[in-house]
file input_12.txt (compact mmCIF, C-alpha atoms)
# COMPACT_ATOMS: atom_id res chain seq x y z
CA MET A 1 62.51 65.20 -6.42
CA SER A 2 65.75 63.54 -7.24
CA VAL A 3 65.39 59.78 -6.99
CA ASP A 4 67.08 56.67 -8.31
CA ASP A 5 65.36 53.86 -10.18
CA THR A 6 64.18 51.87 -7.18
CA GLY A 7 60.89 50.93 -5.58
CA SER A 8 59.43 48.76 -8.37
CA GLY A 9 59.32 45.18 -9.47
CA ALA A 10 57.95 43.01 -12.30
CA ASP A 11 55.67 39.97 -12.07
CA GLY A 12 55.41 37.03 -14.43
CA ASP A 13 53.43 38.91 -17.07
CA GLY A 14 56.18 41.51 -17.40
CA ARG A 15 54.14 44.38 -16.01
CA VAL A 16 55.76 46.71 -13.52
CA HIS A 17 54.10 47.24 -10.13
CA PRO A 18 55.14 49.55 -7.30
CA GLU A 19 56.74 47.84 -4.34
CA PRO A 20 55.58 48.79 -0.85
CA ALA A 21 56.74 52.31 -0.15
CA PRO A 22 57.85 53.91 3.10
CA ASP A 23 55.20 54.81 5.65
CA ALA A 24 53.08 57.75 4.52
CA ALA A 25 53.34 59.71 7.71
CA ASP A 26 56.48 60.97 9.30
CA PRO A 27 56.39 60.20 13.04
CA GLY A 28 56.78 63.93 13.72
CA GLU A 29 53.78 64.98 11.62
CA ASP A 30 50.73 66.38 13.36
CA PRO A 31 47.80 63.91 13.22
CA LEU A 32 45.28 66.72 12.73
CA ALA A 33 47.35 68.16 9.85
CA LEU A 34 47.27 64.74 8.20
CA ARG A 35 43.51 64.45 8.71
CA LEU A 36 42.99 67.90 7.21
CA GLU A 37 45.20 67.04 4.26
CA GLY A 38 43.22 63.86 3.61
CA LEU A 39 39.94 65.77 3.85
CA ILE A 40 41.06 68.51 1.45
CA LEU A 41 42.79 66.24 -1.07
CA GLY A 42 40.06 63.61 -0.89
CA ALA A 43 42.57 60.79 -1.23
CA GLU A 44 45.16 58.90 0.78
CA ARG A 45 48.90 59.11 0.36
CA ARG A 46 49.92 56.19 -1.83
CA TYR A 47 52.87 57.04 -4.05
CA THR A 48 56.44 58.22 -3.91
CA PRO A 49 57.33 60.76 -6.63
CA PHE A 50 58.98 57.99 -8.66
CA GLN A 51 55.91 55.74 -8.40
CA ALA A 52 53.56 58.60 -9.29
CA ALA A 53 55.60 59.44 -12.40
CA ARG A 54 55.67 55.79 -13.48
CA SER A 55 51.94 55.35 -12.89
CA ALA A 56 51.25 58.50 -14.93
CA GLY A 57 53.51 57.27 -17.73
CA VAL A 58 55.84 60.27 -17.65
CA SER A 59 59.55 60.61 -17.04
CA MET A 60 60.74 61.49 -13.57
CA GLU A 61 62.41 64.59 -15.03
CA LEU A 62 59.16 65.90 -16.53
CA ALA A 63 57.19 65.03 -13.39
CA SER A 64 59.68 67.03 -11.32
CA ARG A 65 59.40 70.01 -13.66
CA PHE A 66 55.61 69.99 -13.38
CA TRP A 67 55.72 69.56 -9.60
CA ARG A 68 58.16 72.42 -9.06
CA ALA A 69 56.30 74.65 -11.54
CA MET A 70 53.15 74.21 -9.44
CA GLY A 71 55.13 75.58 -6.50
CA PHE A 72 55.68 72.43 -4.44
CA ALA A 73 58.92 71.52 -2.70
CA ASP A 74 60.97 68.41 -3.47
CA ILE A 75 59.93 65.59 -1.14
CA GLY A 76 62.62 63.01 -1.80
CA GLN A 77 61.16 59.48 -1.71
CA ALA A 78 58.41 60.06 0.83
CA ARG A 79 55.10 58.38 0.09
CA ALA A 80 53.13 61.61 0.00
CA LEU A 81 51.34 61.67 -3.37
CA THR A 82 47.81 60.58 -4.20
CA GLU A 83 45.77 59.37 -7.17
CA ALA A 84 44.94 63.01 -7.88
CA ASP A 85 48.66 63.81 -8.31
CA VAL A 86 48.99 60.92 -10.75
CA LEU A 87 45.93 62.10 -12.69
CA ALA A 88 47.25 65.67 -12.88
CA LEU A 89 50.58 64.46 -14.30
CA ARG A 90 48.78 62.23 -16.76
CA ARG A 91 46.55 65.07 -17.96
CA LEU A 92 49.39 67.54 -18.49
CA ALA A 93 51.51 64.92 -20.26
CA GLY A 94 48.48 63.93 -22.36
CA LEU A 95 48.05 67.50 -23.60
CA VAL A 96 51.69 67.48 -24.69
CA GLU A 97 51.42 64.06 -26.37
CA ALA A 98 48.28 65.15 -28.23
CA GLY A 99 50.12 68.20 -29.57
CA LEU A 100 47.70 70.62 -27.90
CA LEU A 101 50.48 72.11 -25.75
CA SER A 102 54.24 72.17 -26.08
CA GLU A 103 56.17 70.88 -23.08
CA ALA A 104 57.25 74.43 -22.26
CA MET A 105 53.64 75.65 -22.43
CA ALA A 106 52.46 72.81 -20.19
CA VAL A 107 55.05 73.83 -17.61
CA GLN A 108 53.87 77.42 -17.92
CA VAL A 109 50.26 76.30 -17.34
CA ALA A 110 51.39 74.48 -14.20
CA ARG A 111 53.34 77.52 -12.99
CA SER A 112 50.63 80.11 -13.61
CA THR A 113 47.96 77.94 -12.01
CA GLY A 114 50.20 77.16 -9.04
CA GLN A 115 51.13 80.78 -8.41
CA THR A 116 47.55 82.04 -8.65
CA THR A 117 46.00 79.36 -6.45
CA ALA A 118 48.83 79.55 -3.91
CA ARG A 119 48.03 83.19 -3.27
CA LEU A 120 44.32 82.40 -3.04
CA ALA A 121 44.91 79.56 -0.59
CA GLU A 122 47.19 81.68 1.61
CA TRP A 123 44.60 84.46 1.72
CA GLN A 124 41.80 82.04 2.62
CA ILE A 125 43.76 80.51 5.47
CA ASP A 126 45.20 83.79 6.81
CA SER A 127 42.01 85.82 6.64
CA PHE A 128 38.92 83.81 5.86
CA LEU A 129 39.36 80.68 7.97
CA GLU A 130 41.18 82.49 10.75
CA GLY A 131 38.13 84.62 11.41
CA LEU A 132 35.65 81.75 11.15
CA THR A 133 37.51 79.34 13.40
CA GLU A 134 37.21 81.49 16.50
CA PRO A 135 36.21 78.94 19.20
CA PRO A 136 32.46 79.31 19.84
CA GLU A 137 32.62 77.95 23.39
CA PRO A 138 35.10 78.28 26.27
CA GLY A 139 37.50 75.38 26.46
CA MET A 140 37.39 74.63 22.70
CA THR A 141 40.52 75.11 20.62
CA ARG A 142 40.74 76.61 17.16
CA THR A 143 41.97 73.31 15.75
CA GLU A 144 38.85 71.52 17.05
CA VAL A 145 36.70 73.88 15.02
CA THR A 146 38.80 73.78 11.83
CA TYR A 147 38.07 70.24 10.65
CA PRO A 148 34.24 70.35 10.65
CA LEU A 149 34.33 73.88 9.21
CA ILE A 150 36.49 72.86 6.27
CA GLU A 151 34.33 69.77 5.79
CA LEU A 152 31.29 72.01 5.35
CA LEU A 153 32.95 74.77 3.31
CA LEU A 154 35.13 72.75 0.95
CA PRO A 155 32.52 71.59 -1.60
CA GLU A 156 30.88 75.02 -1.73
CA LEU A 157 34.17 76.89 -2.17
CA GLU A 158 35.29 74.39 -4.81
CA GLU A 159 32.14 74.92 -6.87
CA PHE A 160 32.43 78.69 -6.48
CA LEU A 161 36.09 78.64 -7.58
CA ILE A 162 35.18 76.71 -10.73
CA TYR A 163 32.32 79.11 -11.47
CA VAL A 164 34.52 82.22 -11.12
CA TRP A 165 37.30 80.62 -13.18
CA ARG A 166 34.90 79.80 -16.02
CA ARG A 167 33.48 83.32 -15.93
CA GLN A 168 36.95 84.88 -16.00
CA LEU A 169 38.04 82.51 -18.78
CA ALA A 170 34.98 83.45 -20.86
CA ALA A 171 35.69 87.16 -20.36
CA ALA A 172 39.38 86.80 -21.22
CA THR A 173 38.60 84.71 -24.30
CA GLY A 174 36.10 87.28 -25.48
CA ARG A 175 38.68 90.06 -25.17
CA VAL A 176 41.25 88.08 -27.15
CA VAL A 177 39.02 86.98 -30.04
CA GLN A 178 37.90 90.58 -30.55
CA ALA A 179 41.51 91.52 -31.31
CA GLY A 180 42.04 93.00 -34.76
CA ASP A 181 44.34 90.29 -36.08
CA ASP A 182 46.44 87.27 -35.08
CA GLU A 183 49.33 89.47 -33.96
CA GLU A 184 47.12 91.33 -31.51
CA MET A 185 46.05 88.08 -29.85
CA VAL A 186 49.50 87.94 -28.22
CA ASP A 187 50.88 91.48 -28.40
CA ARG A 188 47.81 93.67 -27.91
CA ARG A 189 47.24 97.42 -27.85
CA LEU A 190 45.99 98.28 -24.38
CA ALA A 191 45.70 101.19 -22.01
CA VAL A 192 47.82 100.47 -18.93
CA GLY A 193 47.78 102.42 -15.69
CA PHE A 194 49.46 102.49 -12.28
CA ALA A 195 47.73 104.04 -9.25
CA ASP A 196 50.12 104.79 -6.41
CA LEU A 197 49.51 105.95 -2.83
CA VAL A 198 51.57 109.09 -2.13
CA GLY A 199 53.87 109.05 0.90
CA PHE A 200 53.34 105.38 1.68
CA THR A 201 56.92 104.89 2.91
CA ARG A 202 56.44 107.60 5.52
CA LEU A 203 53.19 105.98 6.61
CA THR A 204 54.97 102.69 7.29
CA ARG A 205 57.09 104.47 9.91
CA ARG A 206 54.13 106.12 11.65
CA MET A 207 51.41 103.47 11.60
CA GLU A 208 51.09 100.21 13.49
CA GLU A 209 51.32 97.06 11.38
CA GLU A 210 47.64 96.25 11.83
CA GLU A 211 46.58 99.77 10.82
CA LEU A 212 48.85 99.64 7.79
CA GLY A 213 47.43 96.29 6.76
CA GLU A 214 43.88 97.61 7.02
CA LEU A 215 44.77 100.67 4.92
CA VAL A 216 46.38 98.57 2.19
CA GLU A 217 43.44 96.16 2.17
CA ALA A 218 40.95 99.03 1.93
CA PHE A 219 42.92 100.60 -0.94
CA GLU A 220 43.23 97.34 -2.86
CA THR A 221 39.55 96.47 -2.34
CA THR A 222 38.33 99.92 -3.42
CA ALA A 223 40.61 99.94 -6.45
CA ALA A 224 39.66 96.40 -7.49
CA ASP A 225 35.93 97.17 -7.26
CA LEU A 226 36.22 100.41 -9.22
CA ILE A 227 38.39 98.88 -11.93
CA ALA A 228 36.07 95.90 -12.41
CA ALA A 229 32.88 98.00 -12.33
CA ARG A 230 34.18 100.31 -15.08
CA GLY A 231 35.20 97.48 -17.39
CA GLY A 232 38.95 97.34 -16.68
CA ARG A 233 41.11 94.51 -15.42
CA LEU A 234 43.15 94.51 -12.23
CA VAL A 235 46.49 93.00 -13.27
CA LYS A 236 48.13 92.93 -9.84
CA THR A 237 48.47 94.75 -6.54
CA LEU A 238 51.79 95.82 -5.08
CA GLY A 239 50.81 96.99 -1.60
CA ASP A 240 50.76 100.74 -2.12
CA GLU A 241 50.24 100.45 -5.90
CA VAL A 242 47.85 98.75 -8.30
CA LEU A 243 48.40 97.96 -11.97
CA PHE A 244 45.33 97.87 -14.21
CA ALA A 245 44.59 97.59 -17.91
CA ALA A 246 41.69 98.37 -20.24
CA ASP A 247 40.96 97.68 -23.87
CA ASP A 248 40.49 101.36 -24.72
CA ALA A 249 41.82 104.69 -23.48
CA GLY A 250 38.38 106.07 -22.58
CA THR A 251 37.68 103.25 -20.15
CA ALA A 252 41.11 103.58 -18.53
CA ALA A 253 40.69 107.38 -18.26
CA GLU A 254 37.36 106.99 -16.45
CA ILE A 255 38.88 104.43 -14.06
CA ALA A 256 41.83 106.70 -13.26
CA LEU A 257 39.68 109.72 -12.46
CA ARG A 258 37.22 107.65 -10.43
CA LEU A 259 40.11 106.33 -8.35
CA ILE A 260 41.39 109.85 -7.70
CA GLU A 261 37.91 111.15 -6.82
CA THR A 262 37.03 108.22 -4.56
CA MET A 263 40.28 108.32 -2.60
CA ALA A 264 40.06 112.12 -2.26
CA ASN A 265 36.66 111.74 -0.57
CA ASP A 266 38.03 109.27 1.99
CA GLU A 267 39.79 111.05 4.84
CA THR A 268 41.53 107.84 5.93
CA MET A 269 43.31 107.47 2.59
CA PRO A 270 46.54 109.16 1.46
CA GLU A 271 46.59 111.13 -1.76
CA LEU A 272 46.81 109.18 -5.01
CA ARG A 273 48.63 109.68 -8.30
CA VAL A 274 48.08 107.83 -11.57
CA GLY A 275 50.21 107.37 -14.69
CA MET A 276 48.88 105.80 -17.90
CA ALA A 277 50.17 104.88 -21.34
CA PHE A 278 48.61 103.39 -24.48
CA GLY A 279 50.30 101.00 -26.87
CA THR A 280 51.45 97.47 -27.58
CA VAL A 281 51.60 95.25 -24.52
CA THR A 282 52.84 91.69 -24.16
CA THR A 283 50.71 89.55 -21.84
CA ARG A 284 52.16 86.52 -20.07
CA MET A 285 50.66 84.49 -17.21
CA GLY A 286 48.12 87.21 -16.48
CA ASP A 287 50.78 89.93 -16.25
CA VAL A 288 51.67 92.67 -18.75
CA PHE A 289 55.11 93.67 -20.01
CA GLY A 290 56.77 96.04 -22.42
CA THR A 291 57.69 99.66 -23.04
CA THR A 292 54.08 100.81 -22.60
CA VAL A 293 53.99 99.36 -19.08
CA ASN A 294 57.38 100.87 -18.22
CA LEU A 295 56.24 104.28 -19.47
CA ALA A 296 53.06 104.16 -17.38
CA SER A 297 55.17 103.34 -14.32
CA ARG A 298 57.56 106.26 -14.95
CA LEU A 299 54.67 108.69 -15.48
CA THR A 300 53.20 107.62 -12.14
CA SER A 301 56.45 108.47 -10.37
CA ILE A 302 56.39 112.07 -11.71
CA ALA A 303 52.63 112.68 -11.51
CA PRO A 304 51.42 115.44 -9.15
CA ARG A 305 49.32 114.48 -6.11
CA ASP A 306 45.69 113.67 -6.93
CA ALA A 307 46.42 113.95 -10.64
CA VAL A 308 46.63 111.77 -13.75
CA LEU A 309 49.46 111.91 -16.29
CA VAL A 310 49.19 110.15 -19.66
CA ASP A 311 51.61 109.72 -22.53
CA THR A 312 51.22 111.20 -26.01
CA ALA A 313 49.81 107.98 -27.50
CA PHE A 314 47.14 107.88 -24.80
CA ALA A 315 46.23 111.53 -25.40
CA GLU A 316 46.06 110.97 -29.17
CA GLU A 317 43.78 107.97 -28.65
CA LEU A 318 41.37 110.05 -26.52
CA ILE A 319 41.36 112.73 -29.22
CA ARG A 320 40.79 110.14 -31.97
CA THR A 321 37.79 108.61 -30.18
CA ARG A 322 36.35 112.09 -29.49
CA ASP A 323 36.63 111.57 -25.73
CA ALA A 324 38.82 114.69 -25.46
CA PRO A 325 39.39 117.76 -27.63
CA ALA A 326 42.77 118.36 -29.23
CA SER A 327 42.87 121.67 -27.34
CA GLU A 328 40.58 123.85 -25.29
CA ALA A 329 40.64 126.46 -28.05
CA GLU A 330 39.33 123.88 -30.51
CA ALA A 331 36.61 122.86 -28.06
CA VAL A 332 35.47 126.49 -27.74
CA GLU A 333 35.38 126.91 -31.54
CA GLU A 334 33.37 123.71 -31.96
CA ALA A 335 30.91 124.76 -29.27
CA ALA A 336 30.44 128.17 -30.94
CA ALA A 337 29.92 126.57 -34.36
CA ALA A 338 27.39 124.11 -32.94
CA GLU A 339 25.47 126.88 -31.18
CA LYS A 340 25.36 128.88 -34.41
CA GLU A 341 23.88 125.89 -36.24
CA GLY A 342 21.45 125.17 -33.40
CA GLU A 343 23.13 121.86 -32.64
CA GLU A 344 24.47 120.27 -29.49
CA PRO A 345 28.21 120.87 -28.96
CA PRO A 346 30.53 117.84 -28.77
CA ALA A 347 30.24 116.10 -25.39
CA TYR A 348 33.88 115.62 -24.50
CA ARG A 349 34.43 113.67 -21.27
CA PHE A 350 38.06 114.57 -20.62
CA GLY A 351 40.42 117.50 -20.88
CA LEU A 352 44.10 117.35 -21.83
CA GLN A 353 46.88 119.80 -21.12
CA PRO A 354 50.40 119.21 -22.49
CA MET A 355 53.15 119.45 -19.87
CA TRP A 356 56.84 120.23 -20.28
CA GLN A 357 58.85 117.57 -22.09
CA ARG A 358 61.26 115.79 -19.81
CA PRO A 359 63.78 112.96 -19.95
CA VAL A 360 62.56 109.70 -18.42
CA ARG A 361 65.10 107.14 -17.31
CA GLY A 362 65.42 104.35 -19.86
CA LEU A 363 62.79 105.80 -22.21
CA GLY A 364 64.29 109.05 -23.52
CA VAL A 365 62.37 112.32 -23.69
CA VAL A 366 58.60 112.10 -23.21
CA GLU A 367 55.80 114.67 -23.23
CA PRO A 368 53.33 114.00 -20.41
CA TRP A 369 49.76 115.24 -20.64
CA LEU A 370 47.73 116.20 -17.58
CA MET A 371 44.30 114.63 -17.92
CA THR A 372 41.24 115.98 -16.09
CA ARG A 373 37.53 115.50 -16.17
CA ARG A 374 35.87 117.95 -18.60
CA GLY A 375 34.64 121.10 -16.94
CA GLU A 376 37.41 121.12 -14.34
CA GLU A 377 40.34 123.50 -14.48
CA PRO A 378 43.49 121.54 -15.49
call {"tool": "encode", "arguments": {"input": "input_12.txt", "output": "structure tokens"}}
result
Amino acid sequence: MSVDDTGSGADGDGRVHPEPAPDAADPGEDPLALRLEGLILGAERRYTPFQAARSAGVSMELASRFWRAMGFADIGQARALTEADVLALRRLAGLVEAGLLSEAMAVQVARSTGQTTARLAEWQIDSFLEGLTEPPEPGMTRTEVTYPLIELLLPELEEFLIYVWRRQLAAATGRVVQAGDDEEMVDRRLAVGFADLVGFTRLTRRMEEEELGELVEAFETTAADLIAARGGRLVKTLGDEVLFAADDAGTAAEIALRLIETMANDETMPELRVGMAFGTVTTRMGDVFGTTVNLASRLTSIAPRDAVLVDTAFAEELIRTRDAPASEAEAVEEAAAAEKEGEEPPAYRFGLQPMWQRPVRGLGVVEPWLMTRRGEEP
């Protein structure tokens, strides 16, 4: 939004008022697109970027940073902004002025919100609305159905979005405040896992695009539901791979094995492999970073089909929490001792088998552990 200092004037009281701006609509713009924009935004185009920045009381430079961070293209000096755009700029700038956010953090808020909602909006248009706007009668066009449909859906979807956001915010806040100390509120100890479809590249050569899309959607949906139901968090999907996290190793272990078992029972799905690591993780904009994440990714790449590999820290955490025995020999000894005393033997959920140490690119030599559900042969 690079502009020069034009488009304003001052009256006798010294206050600055916007001068009439160029016409809101480009002659080439589709009238229905403009009507839909007005319906969705709930306001008319009134401001150029310069006028919006001035009305919000922020510099043009900061307004441009916010606008681009939200994922919107530069629009020159077109009169395309509304009162809502002015209010959004004013709110972000107000948080900075009040000292609640630094300028860099405010830009990050704009970027994370823009990226998340952009993906949501694209999905809703590509999948949700596309299916619902099928013309109900011969002779009607899809565009004739779109406007009244959006008019009916918009308030309901808006309320639902706010509800889900508040729920997710409450859950995320709860996880953070339960951290052991102030350091862990930013750099936390988490279990991180990657689940990867085996042979996906070969599938892309054999399957039609529509079939491939349905397979990926089924995989992502199944994985997302399993991860959420077991108390984990889906960090992101990467087509043939999902990245998830959990606050403890036991929860992540259950998720990993459930994923393997569920996919193995679905004949339409390729085989799956999972790699997991436990340790300090840096979280930014909903994503996770650090050596722990890199190690989980590398373990996934070397995991056998329909199997789960974990790093030493993950294995040690399962042993510490009594979710897995240190060795099968120790488990047998404990069971014998418990039987002798007339007590119940320890109820371990998982089994661990150390694998050969091997060099892992960028991370040195690691010792993977094959993790199985207790009672199964490793």
call {"tool": "closest_residue", "arguments": {"input": "input_12.txt", "among": "A:Val198, A:Ala252, A:Val192, A:Ile302", "to": "Gly290 in chain A", "atoms": "all atoms listed in the file"}}
result
A:Val192
call {"tool": "residues_around", "arguments": {"input": "input_12.txt", "residues": "range 89-105 of chain A", "least_positions_apart": "2", "cutoff": "7 Å", "atoms": "only C-alpha atoms", "output": "number ranges by chain"}}
result
A: 56-58, 63, 85-87, 107-109
call {"tool": "atom_distance", "arguments": {"input": "input_12.txt", "atom1": "CA of Gly38 in chain A", "atom2": "CA of Ala78 in chain A"}}
result
15.9 Å
call {"tool": "residues_around", "arguments": {"input": "input_12.txt", "residues": "Ala347 in chain A", "least_positions_apart": "2", "cutoff": "8 Å", "atoms": "all atoms listed in the file", "output": "VMD selection string"}}
result
chain A and resid 323 345 349
call {"tool": "residues_around", "arguments": {"input": "input_12.txt", "residues": "Thr321 in chain A", "least_positions_apart": "3", "cutoff": "10 Å", "atoms": "only C-alpha atoms", "output": "number ranges by chain"}}
result
A: 248-250, 316-318, 324-325, 348
call {"tool": "closest_residue", "arguments": {"input": "input_12.txt", "among": "A:Leu149, A:Met60, A:Ala315, A:Ala84", "to": "Arg45 in chain A", "atoms": "only C-alpha atoms"}}
result
A:Ala84
call {"tool": "closest_residue", "arguments": {"input": "input_12.txt", "among": "A:Ile150, A:Leu34, A:Met269, A:Ala277", "to": "Asp247 in chain A", "atoms": "all atoms listed in the file"}}
result
A:Ala277
call {"tool": "atom_distance", "arguments": {"input": "input_12.txt", "atom1": "CA of Arg65 in chain A", "atom2": "CA of Ala53 in chain A"}}
result
11.3 Å
call {"tool": "atom_distance", "arguments": {"input": "input_12.txt", "atom1": "CA of Pro270 in chain A", "atom2": "CA of Phe289 in chain A"}}
result
27.8 Å
call {"tool": "closest_residue", "arguments": {"input": "input_12.txt", "among": "A:Val235, A:Met276, A:Leu257, A:Ala329", "to": "Thr300 in chain A", "atoms": "only C-alpha atoms"}}
result
A:Met276
call {"tool": "residues_around", "arguments": {"input": "input_12.txt", "residues": "Ala80 in chain A", "least_positions_apart": "4", "cutoff": "7 Å", "atoms": "all atoms listed in the file", "output": "PyMOL selection string"}}
result
chain A and resi 24+45-48
call {"tool": "residues_around", "arguments": {"input": "input_12.txt", "residues": "Leu32 in chain A", "least_positions_apart": "6", "cutoff": "12 Å", "atoms": "all atoms listed in the file", "output": "MDAnalysis selection string"}}
result
chainID A and resid 25 38:39 142:148
call {"tool": "decode", "arguments": {"input": "input_12.txt", "residues": "range 260-274 of chain A", "atoms": "N, CA, C and O atoms", "output": "tab-separated table (two decimals), in the first residue's frame"}}
result
chain	number	residue	atom	x	y	z
A	260	ILE	N	-2.15	-46.33	14.13
A	260	ILE	CA	-1.67	-47.52	13.42
A	260	ILE	C	-2.79	-48.56	13.32
A	260	ILE	O	-3.06	-49.12	12.24
A	261	GLU	N	-3.45	-48.84	14.43
A	261	GLU	CA	-4.50	-49.87	14.47
A	261	GLU	C	-5.70	-49.50	13.59
A	261	GLU	O	-6.25	-50.35	12.88
A	262	THR	N	-6.08	-48.24	13.64
A	262	THR	CA	-7.25	-47.80	12.86
A	262	THR	C	-6.98	-47.87	11.37
A	262	THR	O	-7.80	-48.36	10.59
A	263	MET	N	-5.81	-47.39	10.95
A	263	MET	CA	-5.46	-47.41	9.53
A	263	MET	C	-5.28	-48.84	9.03
A	263	MET	O	-5.62	-49.16	7.89
A	264	ALA	N	-4.75	-49.72	9.89
A	264	ALA	CA	-4.53	-51.11	9.49
A	264	ALA	C	-5.84	-51.84	9.24
A	264	ALA	O	-5.91	-52.79	8.45
A	265	ASN	N	-6.91	-51.38	9.90
A	265	ASN	CA	-8.22	-52.01	9.73
A	265	ASN	C	-9.02	-51.43	8.57
A	265	ASN	O	-10.15	-51.85	8.34
A	266	ASP	N	-8.45	-50.46	7.88
A	266	ASP	CA	-9.12	-49.83	6.74
A	266	ASP	C	-8.40	-50.24	5.46
A	266	ASP	O	-7.26	-49.83	5.21
A	267	GLU	N	-9.04	-51.07	4.65
A	267	GLU	CA	-8.40	-51.60	3.46
A	267	GLU	C	-8.10	-50.53	2.42
A	267	GLU	O	-7.27	-50.73	1.53
A	268	THR	N	-8.78	-49.40	2.51
A	268	THR	CA	-8.56	-48.33	1.52
A	268	THR	C	-7.34	-47.48	1.84
A	268	THR	O	-6.91	-46.68	1.02
A	269	MET	N	-6.79	-47.66	3.04
A	269	MET	CA	-5.68	-46.82	3.49
A	269	MET	C	-4.33	-47.52	3.31
A	269	MET	O	-4.21	-48.72	3.53
A	270	PRO	N	-3.30	-46.74	2.93
A	270	PRO	CA	-1.94	-47.30	2.90
A	270	PRO	C	-1.47	-47.59	4.32
A	270	PRO	O	-2.11	-47.21	5.30
A	271	GLU	N	-0.34	-48.25	4.42
A	271	GLU	CA	0.26	-48.49	5.73
A	271	GLU	C	0.76	-47.17	6.32
A	271	GLU	O	0.99	-46.20	5.60
A	272	LEU	N	0.92	-47.17	7.63
A	272	LEU	CA	1.30	-45.95	8.34
A	272	LEU	C	2.55	-46.20	9.15
A	272	LEU	O	2.83	-47.33	9.58
A	273	ARG	N	3.33	-45.17	9.37
A	273	ARG	CA	4.48	-45.26	10.29
A	273	ARG	C	4.50	-44.00	11.12
A	273	ARG	O	4.11	-42.92	10.66
A	274	VAL	N	4.95	-44.14	12.37
A	274	VAL	CA	4.93	-43.02	13.32
A	274	VAL	C	6.28	-42.91	14.00
A	274	VAL	O	6.89	-43.91	14.39
